[in-house]
>>> print(open('my_file.txt').read())   # compact mmCIF, C-alpha atoms
# COMPACT_ATOMS: atom_id res chain seq x y z
CA MET P 12 1.78 -7.43 -1.56
CA ASP P 13 3.30 -9.93 0.87
CA GLU P 14 5.57 -9.11 3.80
CA VAL P 15 9.17 -10.26 3.23
CA SER P 16 12.43 -10.14 5.18
CA PHE P 17 16.05 -10.35 4.07
CA PRO P 18 18.83 -11.11 6.61
CA LEU P 19 22.10 -9.35 5.74
CA PRO P 20 24.89 -11.17 7.63
CA LYS P 21 27.69 -8.77 6.70
CA ALA P 22 25.73 -5.69 7.74
CA GLY P 23 24.40 -7.51 10.80
CA ILE P 24 20.80 -6.42 10.16
CA THR P 25 17.58 -7.64 8.60
CA MET P 26 15.81 -5.58 5.95
CA ARG P 27 12.06 -5.99 5.61
CA GLY P 28 9.46 -4.88 3.11
CA ARG P 29 6.72 -6.04 0.77
CA ARG P 30 6.80 -8.02 -2.48
CA SER P 31 4.24 -8.23 -5.26
CA ARG P 32 2.25 -11.40 -5.63
CA GLY P 33 2.68 -13.15 -8.96
CA GLY P 34 5.19 -10.71 -10.43
CA SER P 35 7.69 -11.89 -13.02
CA GLY P 36 10.84 -10.77 -14.77
CA LEU P 37 13.86 -9.13 -13.19
CA PRO P 38 13.41 -8.04 -9.57
CA VAL P 39 12.48 -4.35 -9.26
CA LEU P 40 13.75 -2.93 -5.97
CA CYS P 41 11.80 0.12 -4.75
CA LEU P 42 13.61 2.45 -2.35
CA HIS P 43 11.69 5.18 -0.50
CA GLY P 44 12.58 8.61 0.85
CA ILE P 45 13.87 9.61 4.27
CA LEU P 46 11.35 9.06 7.11
CA ASP P 47 9.09 7.19 4.65
CA ASN P 48 8.86 3.41 4.30
CA CYS P 49 7.92 0.70 1.83
CA ALA P 50 4.17 1.44 2.16
CA GLY P 51 4.75 4.49 -0.01
CA PHE P 52 5.02 2.13 -3.01
CA ASP P 53 1.68 0.36 -2.40
CA PRO P 54 -0.23 2.66 -4.82
CA LEU P 55 2.41 2.19 -7.54
CA ALA P 56 2.42 -1.59 -7.08
CA ALA P 57 -1.32 -1.68 -7.69
CA HIS P 58 -0.69 -0.12 -11.13
CA LEU P 59 2.24 -2.41 -12.05
CA PRO P 60 0.75 -5.86 -11.41
CA GLY P 61 3.06 -7.74 -13.77
CA ALA P 62 6.34 -6.57 -12.25
CA ASP P 63 8.24 -8.36 -9.49
CA LEU P 64 8.24 -5.31 -7.21
CA ILE P 65 10.15 -5.55 -3.94
CA ALA P 66 9.50 -2.43 -1.88
CA LEU P 67 12.08 -2.26 0.91
CA ASP P 68 12.15 -0.49 4.23
CA LEU P 69 15.58 1.11 4.13
CA PRO P 70 17.68 0.46 7.27
CA GLY P 71 16.23 2.23 10.29
CA HIS P 72 12.91 2.85 8.52
CA GLY P 73 9.66 0.94 8.85
CA LEU P 74 10.36 -2.56 10.13
CA SER P 75 14.01 -2.79 9.00
CA ASP P 76 16.83 -2.81 11.53
CA PRO P 77 19.05 0.28 11.78
CA VAL P 78 22.62 0.18 10.48
CA PRO P 79 25.29 -0.07 13.20
CA SER P 80 27.17 2.92 11.71
CA VAL P 81 27.07 6.13 13.76
CA THR P 82 26.31 8.40 10.82
CA CYS P 83 23.81 6.37 8.71
CA GLY P 84 25.50 7.55 5.51
CA TYR P 85 24.32 7.13 1.94
CA LEU P 86 27.02 4.54 1.25
CA ASP P 87 25.83 2.47 4.23
CA TYR P 88 22.44 2.14 2.55
CA ALA P 89 23.99 1.42 -0.84
CA ALA P 90 26.09 -1.35 0.72
CA CYS P 91 22.97 -2.93 2.23
CA VAL P 92 21.15 -2.90 -1.13
CA LEU P 93 24.14 -4.51 -2.83
CA GLU P 94 24.45 -7.12 -0.09
CA LEU P 95 20.75 -7.91 -0.50
CA ALA P 96 21.20 -8.48 -4.24
CA HIS P 97 24.28 -10.61 -3.55
CA THR P 98 22.60 -12.79 -0.91
CA GLN P 99 19.59 -13.32 -3.19
CA GLY P 100 21.75 -14.22 -6.19
CA TRP P 101 20.40 -11.39 -8.35
CA ASP P 102 23.01 -10.83 -11.06
CA ARG P 103 20.73 -8.22 -12.64
CA PHE P 104 17.94 -6.17 -11.13
CA ARG P 105 16.06 -2.91 -11.61
CA LEU P 106 15.76 0.05 -9.29
CA ILE P 107 13.04 2.59 -8.55
CA GLY P 108 14.12 5.21 -6.06
CA HIS P 109 12.32 8.21 -4.58
CA SER P 110 14.17 11.03 -2.76
CA LEU P 111 16.68 9.32 -0.42
CA GLY P 112 15.94 6.10 -2.30
CA GLY P 113 16.82 7.86 -5.56
CA ALA P 114 20.11 9.02 -4.06
CA VAL P 115 20.93 5.47 -2.96
CA SER P 116 19.80 3.99 -6.30
CA SER P 117 22.08 6.43 -8.14
CA LEU P 118 25.06 5.29 -6.09
CA VAL P 119 24.26 1.58 -6.52
CA ALA P 120 23.88 2.00 -10.28
CA GLY P 121 27.21 3.82 -10.45
CA ILE P 122 29.10 1.39 -8.20
CA HIS P 123 27.94 -1.73 -10.08
CA PRO P 124 26.57 -0.64 -13.46
CA ASP P 125 26.75 -4.24 -14.67
CA LYS P 126 24.05 -5.25 -12.18
CA VAL P 127 21.42 -2.53 -12.78
CA ASP P 128 19.30 -3.17 -15.86
CA ARG P 129 16.97 -0.14 -15.61
CA LEU P 130 16.91 2.82 -13.26
CA VAL P 131 13.92 4.99 -12.33
CA LEU P 132 14.55 8.12 -10.24
CA ILE P 133 11.52 9.89 -8.76
CA ASP P 134 12.27 13.55 -8.03
CA ALA P 135 15.86 12.72 -7.09
CA ILE P 136 19.27 12.21 -8.66
CA GLY P 137 22.30 11.47 -6.52
CA PRO P 138 22.85 12.26 -2.82
CA LEU P 139 23.19 15.70 -1.29
CA SER P 140 26.81 16.79 -1.64
CA ALA P 141 29.09 18.25 0.99
CA ASP P 142 29.89 21.93 0.69
CA PRO P 143 33.62 22.21 1.56
CA GLU P 144 33.03 25.45 3.47
CA HIS P 145 30.46 23.85 5.77
CA ALA P 146 31.40 20.16 5.77
CA VAL P 147 33.29 20.19 9.07
CA SER P 148 30.69 22.25 10.95
CA GLY P 149 27.88 20.08 9.60
CA ILE P 150 29.52 16.87 10.77
CA ALA P 151 30.36 18.48 14.12
CA ARG P 152 26.71 19.45 14.68
CA TYR P 153 25.57 15.94 13.79
CA LEU P 154 28.01 14.30 16.20
CA ASP P 155 27.25 16.81 18.98
CA THR P 156 23.58 15.84 18.72
CA TYR P 157 24.57 12.17 18.66
CA LEU P 158 26.63 12.54 21.84
CA ARG P 159 23.86 14.43 23.65
CA GLY P 160 21.34 11.81 22.68
CA ASP P 161 17.82 12.53 21.47
CA ARG P 162 14.38 10.98 21.63
CA HIS P 163 11.31 10.86 19.47
CA PRO P 164 8.49 13.20 20.44
CA VAL P 165 5.30 11.72 21.88
CA TYR P 166 1.95 12.81 20.41
CA ARG P 167 -1.29 12.81 22.37
CA SER P 168 -3.20 11.17 19.50
CA ARG P 169 -2.63 9.31 16.27
CA MET P 170 -4.12 12.19 14.26
CA HIS P 171 -1.74 14.65 15.93
CA ALA P 172 1.17 12.54 14.71
CA VAL P 173 -0.30 12.31 11.20
CA LYS P 174 -0.78 16.08 10.99
CA THR P 175 2.79 16.64 12.18
CA ARG P 176 3.99 14.38 9.34
CA VAL P 177 1.95 16.45 6.86
CA GLN P 178 3.63 19.66 8.04
CA LEU P 179 7.09 18.10 8.04
CA ALA P 180 7.03 16.93 4.43
CA ASP P 181 4.35 19.11 2.77
CA ILE P 182 2.27 16.08 1.82
CA LEU P 183 -1.43 15.35 1.62
CA LEU P 184 -3.24 13.95 4.65
CA ASP P 185 -3.96 10.66 2.82
CA THR P 186 -0.27 10.31 2.00
CA ALA P 187 0.73 10.88 5.62
CA GLU P 188 -1.78 8.30 6.83
CA LEU P 189 -0.35 5.75 4.38
CA LEU P 190 3.22 6.39 5.52
CA VAL P 191 2.73 6.57 9.28
CA GLU P 192 0.84 3.28 9.53
CA ARG P 193 4.13 1.36 9.38
CA ASP P 194 6.05 3.81 11.55
CA LEU P 195 3.72 4.77 14.38
CA ILE P 196 3.81 2.90 17.71
CA GLU P 197 1.91 3.29 20.96
CA ALA P 198 3.86 5.00 23.75
CA ALA P 199 3.14 5.50 27.44
CA GLU P 200 1.40 8.84 26.92
CA GLY P 201 0.20 8.52 23.33
CA PHE P 202 2.01 7.70 20.09
CA SER P 203 5.59 7.91 18.89
CA TRP P 204 7.76 6.77 16.00
CA ARG P 205 9.43 3.44 15.31
CA HIS P 206 12.10 4.72 12.91
CA ASP P 207 15.75 5.19 13.91
CA VAL P 208 15.85 8.44 15.89
CA ARG P 209 19.10 9.42 14.15
CA LEU P 210 17.15 10.00 10.95
CA ASN P 211 15.48 13.02 12.54
CA ARG P 212 18.80 14.83 12.05
CA GLY P 213 18.83 14.10 8.33
CA ILE P 214 21.78 12.52 6.56
CA THR P 215 25.05 14.42 6.75
CA PRO P 216 26.61 14.72 3.26
CA THR P 217 30.17 13.41 3.00
CA LEU P 218 30.74 13.27 -0.78
CA ALA P 219 31.88 16.35 -2.67
CA GLU P 220 29.88 17.30 -5.76
CA SER P 221 32.73 16.16 -8.01
CA GLN P 222 32.51 12.73 -6.38
CA VAL P 223 28.73 12.56 -6.86
CA LEU P 224 29.22 13.36 -10.57
CA ALA P 225 31.81 10.59 -10.80
CA PHE P 226 29.26 8.04 -9.53
CA LEU P 227 26.60 9.33 -11.93
CA ALA P 228 28.96 9.17 -14.91
CA GLU P 229 29.44 5.43 -14.34
CA ILE P 230 25.72 4.62 -14.72
CA THR P 231 25.15 2.63 -17.91
CA ALA P 232 21.52 1.61 -17.36
CA PRO P 233 18.77 3.39 -19.30
CA THR P 234 17.47 5.89 -16.76
CA LEU P 235 14.09 7.59 -16.36
CA LEU P 236 13.96 10.71 -14.18
CA VAL P 237 10.37 11.50 -13.15
CA ALA P 238 10.43 15.07 -11.83
CA ALA P 239 7.55 16.84 -10.11
CA GLU P 240 6.25 20.21 -11.23
CA ARG P 241 6.78 21.34 -7.62
CA THR P 242 10.13 19.63 -7.60
CA ALA P 243 12.75 19.21 -4.91
CA LEU P 244 15.42 19.41 -7.62
CA VAL P 245 16.04 23.11 -7.08
CA GLU P 246 19.78 23.30 -6.32
CA PRO P 247 21.93 24.78 -9.12
CA TYR P 248 23.99 21.59 -9.47
CA TYR P 249 21.07 19.41 -10.65
CA PRO P 250 21.29 20.31 -14.39
CA ALA P 251 24.92 19.13 -14.44
CA ARG P 252 23.93 15.92 -12.68
CA ILE P 253 21.14 15.24 -15.16
CA GLY P 254 23.53 15.88 -18.05
CA THR P 255 26.12 13.48 -16.59
CA VAL P 256 24.03 10.28 -16.68
CA PRO P 257 24.64 8.90 -20.19
CA LYS P 258 21.22 7.38 -21.01
CA LEU P 259 18.84 9.57 -19.03
CA ARG P 260 15.40 10.70 -20.16
CA GLN P 261 13.43 13.19 -18.06
CA VAL P 262 9.69 13.70 -17.77
CA THR P 263 7.96 16.27 -15.59
CA LEU P 264 4.52 15.49 -14.18
CA PRO P 265 2.00 17.45 -12.08
CA GLY P 266 2.42 17.13 -8.34
CA GLY P 267 4.84 17.63 -5.50
CA HIS P 268 7.77 15.61 -4.19
CA HIS P 269 5.59 12.56 -3.36
CA LEU P 270 3.98 12.47 -6.81
CA HIS P 271 4.37 8.66 -7.04
CA ILE P 272 1.69 8.49 -4.34
CA GLU P 273 -0.39 11.57 -5.10
CA ASN P 274 -0.34 11.33 -8.93
CA VAL P 275 0.16 7.59 -9.12
CA GLU P 276 -1.64 6.85 -12.41
CA ALA P 277 0.47 9.25 -14.46
CA VAL P 278 3.69 8.13 -12.79
CA ALA P 279 2.81 4.45 -13.23
CA ARG P 280 2.11 4.94 -16.94
CA GLU P 281 5.57 6.44 -17.48
CA ILE P 282 7.30 3.76 -15.45
CA ALA P 283 5.38 0.89 -17.06
CA ALA P 284 6.23 2.14 -20.56
CA PHE P 285 9.88 2.56 -19.57
CA LEU P 286 10.19 -0.91 -18.03
CA LEU P 287 8.50 -2.52 -21.03
CA SER P 288 10.68 -0.72 -23.56
CA GLY P 289 13.65 -2.94 -23.03
>>> encode(input="my_file.txt", output="structure tokens")
Amino acid sequence: MDEVSFPLPKAGITMRGRRSRGGSGLPVLCLHGILDNCAGFDPLAAHLPGADLIALDLPGHGLSDPVPSVTCGYLDYAACVLELAHTQGWDRFRLIGHSLGGAVSSLVAGIHPDKVDRLVLIDAIGPLSADPEHAVSGIARYLDTYLRGDRHPVYRSRMHAVKTRVQLADILLDTAELLVERDLIEAAEGFSWRHDVRLNRGITPTLAESQVLAFLAEITAPTLLVAAERTALVEPYYPARIGTVPKLRQVTLPGGHHLHIENVEAVAREIAAFLLSG
């Protein structure tokens, strides 16, 4: 895959990523999970050589600029994806989203269903929703941390950083090495992270569950949900979400949350068949 960059004048940032060589057909935008980056789609791209895959570093991840917004909300990312499609003149495109990328893809497909031709969600469907009882305290904690300021940790060695990433996300060592390559930078006393430090706090939910369902109900694209056997889709609201998307088909495959990297052949077969079916 080749390195690519996409200036977004309205957002005031540049998004970067990788694009398949020699791909054809509608653009297929690949959106990764939180604290990951576009390198997480390298294994999948190797198994989908005919597709025009564009794996993006979401804002503040990998080599992409961070969004100017204080809170780095889901809708900020959705707006950047839609601006990218607009600036590139893509009237129709396809989306593959994992984790955070699946949340953003769900919103994009609901906001502009006329633009999304096919939607693939990998162990994700919609953003985390705000619990009314804890919404205010959650936002207060986020902003308190923001006002105090925070910094990335520094690790004495590259392998120390890799092993920390393994523990953080319950992923295989090979997966961590793939993901940190684009994120790790040399610091004065070792190694640290390139990504936007605000992401270490997670993304504070601002949409109520009823609002998330409203976005999902607007999706008209045929949708494939690839769930992991050791899935992250454990909250009680996920069955209702899955039932809300009109043209959704679900498959469950062996693996954990990063199954598109760690069980890539099986995931690629399902996605290839889905993309070729229409």
>>> residues_around(input="my_file.txt", residues="Val92 (chain P)", least_positions_apart="2", cutoff="9 Å", atoms="all atoms listed in the file", output="PyMOL selection string")
chain P and resi 40+69+87-90+94-97+115-116+119
>>> residues_around(input="my_file.txt", residues="Pro77 (chain P)", least_positions_apart="2", cutoff="9 Å", atoms="all atoms listed in the file", output="PDB file with C-alpha atoms, keeping the file's coordinate frame")
ATOM      1  CA  ILE P  24      20.800  -6.420  10.160  1.00  0.00           C
ATOM      2  CA  THR P  25      17.580  -7.640   8.600  1.00  0.00           C
ATOM      3  CA  MET P  26      15.810  -5.580   5.950  1.00  0.00           C
ATOM      4  CA  LEU P  69      15.580   1.110   4.130  1.00  0.00           C
ATOM      5  CA  PRO P  70      17.680   0.460   7.270  1.00  0.00           C
ATOM      6  CA  GLY P  71      16.230   2.230  10.290  1.00  0.00           C
ATOM      7  CA  HIS P  72      12.910   2.850   8.520  1.00  0.00           C
ATOM      8  CA  SER P  75      14.010  -2.790   9.000  1.00  0.00           C
ATOM      9  CA  PRO P  79      25.290  -0.070  13.200  1.00  0.00           C
ATOM     10  CA  SER P  80      27.170   2.920  11.710  1.00  0.00           C
ATOM     11  CA  CYS P  83      23.810   6.370   8.710  1.00  0.00           C
ATOM     12  CA  HIS P 206      12.100   4.720  12.910  1.00  0.00           C
ATOM     13  CA  ASP P 207      15.750   5.190  13.910  1.00  0.00           C
TER      14      ASP P 207
END
>>> closest_residue(input="my_file.txt", among="P:Gly108, P:Pro164, P:Gly266, P:Gly51", to="Glu188 (chain P)", atoms="only C-alpha atoms")
P:Gly51
>>> residues_around(input="my_file.txt", residues="Val81 (chain P)", least_positions_apart="6", cutoff="12 Å", atoms="only C-alpha atoms", output="mmCIF file with C-alpha atoms, keeping the file's coordinate frame")
data_model
loop_
_atom_site.group_PDB
_atom_site.id
_atom_site.type_symbol
_atom_site.label_atom_id
_atom_site.label_comp_id
_atom_site.auth_asym_id
_atom_site.auth_seq_id
_atom_site.Cartn_x
_atom_site.Cartn_y
_atom_site.Cartn_z
ATOM 1 C CA ASP P 87 25.830 2.470 4.230
ATOM 2 C CA ILE P 150 29.520 16.870 10.770
ATOM 3 C CA TYR P 153 25.570 15.940 13.790
ATOM 4 C CA LEU P 154 28.010 14.300 16.200
ATOM 5 C CA ASP P 155 27.250 16.810 18.980
ATOM 6 C CA THR P 156 23.580 15.840 18.720
ATOM 7 C CA TYR P 157 24.570 12.170 18.660
ATOM 8 C CA LEU P 158 26.630 12.540 21.840
ATOM 9 C CA ASP P 207 15.750 5.190 13.910
ATOM 10 C CA VAL P 208 15.850 8.440 15.890
ATOM 11 C CA ARG P 209 19.100 9.420 14.150
ATOM 12 C CA LEU P 210 17.150 10.000 10.950
ATOM 13 C CA ILE P 214 21.780 12.520 6.560
ATOM 14 C CA THR P 215 25.050 14.420 6.750
#
>>> closest_residue(input="my_file.txt", among="P:Leu227, P:Ala180, P:Val147, P:Ile133", to="Asn274 (chain P)", atoms="all atoms listed in the file")
P:Ile133
>>> closest_atom_pairs(input="my_file.txt", of="region 50-155 of chain P", to="region 243-261 of chain P", cutoff="8 Å", atoms="only C-alpha atoms", output="tab-separated table")
residue	atom	partner	partner_atom	distance
P:Asp134	CA	P:Ala243	CA	6.5
P:Ala135	CA	P:Leu244	CA	6.7
P:Ile136	CA	P:Arg252	CA	7.2
P:Gly137	CA	P:Arg252	CA	7.8
>>> closest_atom_pairs(input="my_file.txt", of="region 40-98 of chain P", to="region 138-144 of chain P", cutoff="12 Å", atoms="all atoms listed in the file", output="CSV")
residue,atom,partner,partner_atom,distance
P:Gly44,CA,P:Pro138,CA,11.5
P:Ile45,CA,P:Pro138,CA,11.7
P:Gly84,CA,P:Pro138,CA,9.9
P:Tyr85,CA,P:Pro138,CA,7.2
P:Leu86,CA,P:Pro138,CA,9.7
P:Tyr88,CA,P:Pro138,CA,11.5
P:Ala89,CA,P:Pro138,CA,11.1
>>> residues_near_point(input="my_file.txt", point="(-1.0, 9.4, 23.0)", cutoff="7 Å", atoms="all atoms listed in the file", output="PyMOL selection string")
chain P and resi 165-169+198+200-202
>>> closest_residue(input="my_file.txt", among="P:Ala66, P:Leu235, P:Ala151, P:Leu118", to="Gly28 (chain P)", atoms="all atoms listed in the file")
P:Ala66
>>> closest_residue(input="my_file.txt", among="P:Met12, P:Pro38, P:Ala57, P:Leu132", to="Phe104 (chain P)", atoms="all atoms listed in the file")
P:Pro38
>>> closest_residue(input="my_file.txt", among="P:Thr82, P:Ser31, P:Thr186, P:Gln99", to="Thr217 (chain P)", atoms="all atoms listed in the file")
P:Thr82
>>> atom_distance(input="my_file.txt", atom1="CA of Asp102 (chain P)", atom2="CA of Asp125 (chain P)")
8.4 Å
>>> atom_distance(input="my_file.txt", atom1="CA of Ser35 (chain P)", atom2="CA of Leu59 (chain P)")
11.0 Å
>>> closest_residue(input="my_file.txt", among="P:Leu19, P:Ala187, P:Leu218, P:Ala232", to="His123 (chain P)", atoms="all atoms listed in the file")
P:Ala232
>>> atom_distance(input="my_file.txt", atom1="CA of Arg176 (chain P)", atom2="CA of Arg241 (chain P)")
18.5 Å
